[in-house]
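A short write-up of the structure that comes next.
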Amino acid sequence: MKYIIKTVLIIILLCGSGYSQVAIIANKSVTIDKIEKSQLMDYYSRDLKFWDNGEPIILFDLKIKNQVREAFYKFLGKSSSRMKSIWMKKMLLGEGDPPEPLESEEAMLKKIITTPGSIGFINPDMVTDEVKPLKIIEDEN
Amino acid sequence: MNHTFNRIIFILIFLVNSICLAQSWSSPLKVFGFFQTSYYQTMHLGGTDDYNTFNTQQLNLFFQKDLTKKWTSFVNFEVLNNFSSSKQWGSLNLEEAWIKYYAGPQFTMRLGLQIPIFNNLNEIKNRTPLLPYIIRPLAYESSFGEFLALEELTPERAFVQTNGFIPISKSKIDYAFYVGNSPNVNDNSFYNQTGVDTTNTLLYGGRIGYRISDLKMGLSATYDKTNAFKYLEPIIEVAEGFLEKVQRTRVGGDLSYDFYSLRFEGEFIMVNYDDDVKELKFDRWFHYYTLGYFIDEEVFLYYSYWLSEEYYNYQNPSSTVLDINNAKVKVIVPTIGLSYHMTERITFKGQFAQVKIRDSQDYKIIGHQPTENTFSLAVSVFF
């Protein structure tokens, strides 16, 4: 009985805290093995457009509003509307396109597997050997 | 006959191959743009000539093509104020036509007609989907051109520009340097080719900035020589050609900062003319401050305060009739507004602005301008 109560309490605590994780993943062709927040922000703000090997950085975003996307933007330190205004500014100044928004994390995984130079984010449980994991973000709301 | 046929086939194959090769380097042509349609209700305090109007304020059409991985071309056509060539309304302008070489974040070079980087707003002043304002801060609002010399406050065009940033730890040092025409562009086809600078001077300018996290600031400057005061030579009785090339210096500063849901941005611009004539003074300055709050991710509420001052001072040694003594025209605009991003591509805006114009010489400079209250609504659409 005590064991059941303990388990239920832990589940309630975890649900209540909105604990979520995000994996930053990249195509196998990408030359880096890990990534820092400032680097990720440089890529997603389009300040940096090429990897060190000269390959273009292809960015993906999630269309759906879920915990993974929320945790990703929280890690970047910008709201999604702020990021959208940064992308629109870059686009209207001829500085580059916004990330391609994808319908689901499954679609993002597939795209990253098949697109050289690409980077994106998914739930860590979905990471496979076909992509390169660069960072696990642990977000506790 | 056979020989000629072979030749034609060879040329065709060569041409098709060349086109295919060129296409393999380039991306498809992107066509996109935006427009803003607005409604204004203007009330003149103390006057009777109130008015209201709808206006397709602006439409911009962009063409962009990445020619190679590092070379991009960009063209921007701008259509203003219900443009109609048959009715002679508004105007159609080629705003930008440039090619850019991206060597890396530290070095980008743009060649061709472009809007130079100066303070925070100059480069994006005409990109209405990026701005919460309908009526933009004075120095950037073309409709204030009737009583403010806007082209004096900010550089409007450049032809060569390099810019980039240098990362230092978590911060970045931004830079931009550019060259363009001096303001002495010929408008009269009787004398010379129109649209070109007919003097042997150039505009030089740049911006040095600093960014860290949500803080961004910078200092901008330009230097050129203007012949705008040449008409005053007989009035202030100086030799002909004395005011042919008056040195003009603009200095600007900008600061923007995001703090949770709050955003602050501000700018100042000072324009100074160095003419070696102490009786002649046409200096001007401008500043604006905006404090805004994101009510949620889509709704932005702001208060903004704009101030512009222009000095007019010249004296005739023989007669005081023509003198303008230390006159100052001041334009003050407090404004409040709201923008709502209904979708990524559609933004609704509302704004109230009170425009007060003060002339220290009892309206000798610009005539009587009553204080006006303007309510405006607009929709800005990105396509």
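As shown in the structure tokens, the chain order sets the letters A, B, ...; within each chain, residues go from 1, and ligands are also counted from 1 in the order they appear.
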Proximity of range 66-122 of chain A to range 91-106 of chain B: per-residue shortest pair, 12 Å limit, only C-alpha atoms, as JSON lines:
```
{"residue": "A:Leu92", "atom": "CA", "partner": "B:Glu96", "partner_atom": "CA", "distance": 11.9}
{"residue": "A:Leu93", "atom": "CA", "partner": "B:Glu96", "partner_atom": "CA", "distance": 10.3}
{"residue": "A:Gly94", "atom": "CA", "partner": "B:Lys100", "partner_atom": "CA", "distance": 9.3}
{"residue": "A:Glu95", "atom": "CA", "partner": "B:Lys100", "partner_atom": "CA", "distance": 9.5}
{"residue": "A:Gly96", "atom": "CA", "partner": "B:Tyr102", "partner_atom": "CA", "distance": 11.3}
```
Give me a file of those residues, with N, CA and C atoms, as an mmCIF file, in the first residue's frame.
```cif
data_model
loop_
_atom_site.group_PDB
_atom_site.id
_atom_site.type_symbol
_atom_site.label_atom_id
_atom_site.label_comp_id
_atom_site.auth_asym_id
_atom_site.auth_seq_id
_atom_site.Cartn_x
_atom_site.Cartn_y
_atom_site.Cartn_z
ATOM 1 N N LEU A 92 12.752 39.943 -44.528
ATOM 2 C CA LEU A 92 12.429 41.186 -45.221
ATOM 3 C C LEU A 92 13.670 42.000 -45.571
ATOM 4 N N LEU A 93 14.794 41.698 -44.914
ATOM 5 C CA LEU A 93 16.042 42.387 -45.260
ATOM 6 C C LEU A 93 16.881 41.563 -46.233
ATOM 7 N N GLY A 94 16.324 40.458 -46.702
ATOM 8 C CA GLY A 94 17.054 39.615 -47.657
ATOM 9 C C GLY A 94 18.190 38.839 -47.025
ATOM 10 N N GLU A 95 18.071 38.575 -45.702
ATOM 11 C CA GLU A 95 19.166 37.919 -44.974
ATOM 12 C C GLU A 95 18.940 36.421 -44.791
ATOM 13 N N GLY A 96 17.855 35.892 -45.308
ATOM 14 C CA GLY A 96 17.649 34.446 -45.188
ATOM 15 C C GLY A 96 16.238 34.080 -44.788
#
```
- For chain B, work out the contacting residues on chain A at 10 Å, counting only C-alpha atoms, and write them as an MDAnalysis selection string. chainID A and resid 38:39 41 46:50 54:56 77:82 84:86 88:89 91:96
Please run DSSP on the backbone and report, as number ranges by chain, all residues within range 152-380 of chain B that come out as strand (DSSP E). B: 158-168, 171-181, 202-212, 215-226, 246-259, 262-274, 284-294, 299-314, 324-341, 346-359, 372-380
**Message:** Quick one: residues within 7 Å of range 111-122 of chain A, only C-alpha atoms, excluding same-chain residues fewer than 3 positions away - as a ChimeraX atom specification?
**Reply:** /A:22-27,29-30,55-61,68,105,107-108,126,130-131
Output N, CA and C atoms for every residue in that selection, as a compact mmCIF listing (two decimals), in the first residue's frame.
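Result written to selection_0.txt:
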```txt
# COMPACT_ATOMS: atom_id res chain seq x y z
N VAL A 22 14.13 18.04 -23.99
CA VAL A 22 14.24 18.25 -25.44
C VAL A 22 15.63 17.80 -25.88
N ALA A 23 15.67 17.09 -26.98
CA ALA A 23 16.97 16.72 -27.56
C ALA A 23 17.22 17.60 -28.78
N ILE A 24 18.38 18.26 -28.80
CA ILE A 24 18.79 19.00 -30.00
C ILE A 24 19.52 17.99 -30.88
N ILE A 25 19.04 17.79 -32.07
CA ILE A 25 19.63 16.77 -32.95
C ILE A 25 20.04 17.39 -34.29
N ALA A 26 20.97 16.74 -34.95
CA ALA A 26 21.44 17.24 -36.25
C ALA A 26 21.65 16.07 -37.19
N ASN A 27 21.74 16.40 -38.46
CA ASN A 27 22.06 15.39 -39.48
C ASN A 27 23.49 14.88 -39.23
N SER A 29 25.86 14.57 -41.09
CA SER A 29 26.93 15.30 -41.81
C SER A 29 27.47 16.48 -41.02
N VAL A 30 26.74 16.90 -39.98
CA VAL A 30 27.14 18.09 -39.21
C VAL A 30 28.42 17.80 -38.43
N GLU A 55 29.02 23.94 -45.21
CA GLU A 55 27.70 23.45 -45.56
C GLU A 55 26.64 24.41 -44.97
N PRO A 56 25.56 24.74 -45.73
CA PRO A 56 24.54 25.64 -45.17
C PRO A 56 23.83 25.00 -43.97
N ILE A 57 23.50 25.84 -42.98
CA ILE A 57 22.75 25.37 -41.80
C ILE A 57 21.26 25.39 -42.17
N ILE A 58 20.63 24.22 -42.15
CA ILE A 58 19.20 24.11 -42.45
C ILE A 58 18.46 23.95 -41.12
N LEU A 59 17.54 24.89 -40.84
CA LEU A 59 16.84 24.88 -39.55
C LEU A 59 15.42 24.37 -39.69
N PHE A 60 14.98 23.66 -38.68
CA PHE A 60 13.58 23.23 -38.64
C PHE A 60 12.93 23.70 -37.35
N ASP A 61 11.62 23.93 -37.43
CA ASP A 61 10.84 24.35 -36.27
C ASP A 61 9.57 23.48 -36.23
N VAL A 68 7.58 20.14 -25.89
CA VAL A 68 8.94 20.09 -26.44
C VAL A 68 9.31 21.44 -27.06
N GLU A 105 6.97 15.93 -34.44
CA GLU A 105 8.35 15.54 -34.12
C GLU A 105 8.81 14.39 -35.01
N ALA A 107 7.94 14.00 -38.13
CA ALA A 107 8.31 14.63 -39.41
C ALA A 107 9.68 15.29 -39.29
N MET A 108 9.95 15.90 -38.11
CA MET A 108 11.24 16.57 -37.92
C MET A 108 12.38 15.55 -37.93
N MET A 126 12.70 9.83 -28.74
CA MET A 126 12.58 9.52 -30.17
C MET A 126 13.91 9.47 -30.90
N GLU A 130 20.30 7.26 -36.34
CA GLU A 130 20.41 7.89 -37.66
C GLU A 130 20.65 9.40 -37.59
N VAL A 131 20.54 9.97 -36.39
CA VAL A 131 20.82 11.41 -36.23
C VAL A 131 21.91 11.59 -35.17
```
Nearby residues (only C-alpha atoms) at most 10 Å from Trp306 in chain B, same-chain spacing under 2 positions excluded, as an mmCIF file with C-alpha atoms, in the first residue's frame:
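Result saved to result-v2.cif:
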```
data_model
loop_
_atom_site.group_PDB
_atom_site.id
_atom_site.type_symbol
_atom_site.label_atom_id
_atom_site.label_comp_id
_atom_site.auth_asym_id
_atom_site.auth_seq_id
_atom_site.Cartn_x
_atom_site.Cartn_y
_atom_site.Cartn_z
ATOM 1 C CA ARG B 136 6.390 56.070 -37.515
ATOM 2 C CA PRO B 137 8.767 58.114 -35.338
ATOM 3 C CA LEU B 138 9.180 61.553 -36.970
ATOM 4 C CA ALA B 139 12.540 61.046 -38.675
ATOM 5 C CA GLY B 266 15.208 54.799 -28.163
ATOM 6 C CA GLU B 267 17.287 56.784 -30.603
ATOM 7 C CA PHE B 268 18.803 60.200 -31.050
ATOM 8 C CA PHE B 286 15.701 64.330 -33.113
ATOM 9 C CA HIS B 287 15.027 61.678 -30.525
ATOM 10 C CA TYR B 288 12.371 59.114 -29.746
ATOM 11 C CA TYR B 289 11.699 56.706 -26.896
ATOM 12 C CA THR B 290 9.247 53.828 -26.906
ATOM 13 C CA SER B 304 6.178 56.566 -27.507
ATOM 14 C CA SER B 308 12.414 67.071 -33.342
ATOM 15 C CA VAL B 331 7.668 69.075 -33.410
ATOM 16 C CA ILE B 332 6.482 67.096 -30.393
ATOM 17 C CA VAL B 333 4.512 63.890 -30.717
ATOM 18 C CA PRO B 334 3.329 61.790 -27.793
ATOM 19 C CA THR B 335 1.677 58.645 -29.084
ATOM 20 C CA VAL B 355 1.260 66.292 -33.253
#
```
Legend entry - Contact residues around Val271 in chain B with only C-alpha atoms at 12 Å, ignoring same-chain residues under 4 positions, as a PyMOL selection string: chain B and resi 139+149-155+220-224+247-252+281-287+308-311
Restrict the selected residues to C-alpha atoms and save them as a PDB file, in the first residue's frame.
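Just written: again_22.pdb:
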```pdb
ATOM      1  CA  ALA B 139      12.540  61.046 -38.675  1.00  0.00           C
ATOM      2  CA  ALA B 149      13.569  67.915 -43.719  1.00  0.00           C
ATOM      3  CA  LEU B 150      13.604  64.136 -43.308  1.00  0.00           C
ATOM      4  CA  GLU B 151      16.370  63.514 -45.819  1.00  0.00           C
ATOM      5  CA  GLU B 152      18.611  65.674 -43.630  1.00  0.00           C
ATOM      6  CA  LEU B 153      18.081  63.462 -40.588  1.00  0.00           C
ATOM      7  CA  THR B 154      18.833  60.005 -41.944  1.00  0.00           C
ATOM      8  CA  PRO B 155      20.838  58.622 -44.877  1.00  0.00           C
ATOM      9  CA  SER B 220      26.107  55.780 -36.037  1.00  0.00           C
ATOM     10  CA  ALA B 221      27.604  58.596 -38.079  1.00  0.00           C
ATOM     11  CA  THR B 222      27.661  59.930 -41.619  1.00  0.00           C
ATOM     12  CA  TYR B 223      29.703  62.608 -43.339  1.00  0.00           C
ATOM     13  CA  ASP B 224      29.045  64.350 -46.645  1.00  0.00           C
ATOM     14  CA  GLN B 247      30.103  69.797 -44.512  1.00  0.00           C
ATOM     15  CA  ARG B 248      27.196  67.874 -42.999  1.00  0.00           C
ATOM     16  CA  THR B 249      27.687  65.460 -40.118  1.00  0.00           C
ATOM     17  CA  ARG B 250      25.042  63.199 -38.658  1.00  0.00           C
ATOM     18  CA  VAL B 251      25.620  61.456 -35.346  1.00  0.00           C
ATOM     19  CA  GLY B 252      23.125  58.937 -34.008  1.00  0.00           C
ATOM     20  CA  LYS B 281      22.848  77.830 -38.283  1.00  0.00           C
ATOM     21  CA  PHE B 282      20.659  75.026 -39.528  1.00  0.00           C
ATOM     22  CA  ASP B 283      21.499  72.307 -37.029  1.00  0.00           C
ATOM     23  CA  ARG B 284      18.781  69.858 -36.100  1.00  0.00           C
ATOM     24  CA  TRP B 285      18.208  67.028 -33.737  1.00  0.00           C
ATOM     25  CA  PHE B 286      15.701  64.330 -33.113  1.00  0.00           C
ATOM     26  CA  HIS B 287      15.027  61.678 -30.525  1.00  0.00           C
ATOM     27  CA  SER B 308      12.414  67.071 -33.342  1.00  0.00           C
ATOM     28  CA  GLU B 309      14.089  70.480 -33.330  1.00  0.00           C
ATOM     29  CA  GLU B 310      15.335  72.442 -36.318  1.00  0.00           C
ATOM     30  CA  TYR B 311      17.247  75.707 -36.113  1.00  0.00           C
TER      31      TYR B 311
END
```
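Using only C-alpha atoms for every distance, the candidate list B:Asn120, B:Gln57, B:Ser38, B:Asn200 yields B:Ser38 as the residue closest to Phe348 in chain B.
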Name the residues of chain A that come out as helix (DSSP H, G or I) in a backbone DSSP run; write them as number ranges by chain. A: 2-17, 37-44, 67-76, 80-92, 105-114, 124-126
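CA of Lys172 in chain B is positioned 25.9 Å from CA of Phe294 in chain B.
If only C-alpha atoms are the atoms counted, then among A:Glu103, A:Trp51, A:Asn66, A:Phe72 the closest residue to Asp139 in chain A is A:Phe72.
Residues lying within 7 Å of Ala176 in chain B, counting only C-alpha atoms and ignoring same-chain neighbours fewer than 6 positions away, are Ile117, Gln161, Thr162, Asn163, Gly164, Gly206, Arg207 and Ile208 of chain B.
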Please produce a file of the residues just selected, as a compact mmCIF listing (two decimals), in the first residue's frame, where the atoms kept are N, CA and C atoms.
```txt
# COMPACT_ATOMS: atom_id res chain seq x y z
N ILE B 117 22.61 51.06 -43.02
CA ILE B 117 22.40 50.85 -41.58
C ILE B 117 22.73 52.15 -40.85
N GLN B 161 28.26 48.69 -49.18
CA GLN B 161 28.21 48.57 -47.72
C GLN B 161 28.83 47.25 -47.29
N THR B 162 29.67 47.32 -46.26
CA THR B 162 30.17 46.09 -45.64
C THR B 162 29.66 46.09 -44.20
N ASN B 163 29.27 44.93 -43.75
CA ASN B 163 28.85 44.83 -42.35
C ASN B 163 29.06 43.42 -41.83
N GLY B 164 28.98 43.27 -40.52
CA GLY B 164 29.17 41.96 -39.91
C GLY B 164 29.24 42.11 -38.41
N GLY B 206 28.59 54.92 -41.18
CA GLY B 206 28.76 53.62 -40.54
C GLY B 206 28.09 53.54 -39.18
N ARG B 207 28.13 52.37 -38.63
CA ARG B 207 27.58 52.14 -37.28
C ARG B 207 28.46 51.13 -36.57
N ILE B 208 28.73 51.40 -35.30
CA ILE B 208 29.42 50.44 -34.44
C ILE B 208 28.43 50.09 -33.33
```
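One finds CA of Gly209 in chain B at 13.5 Å from CA of Leu121 in chain B.
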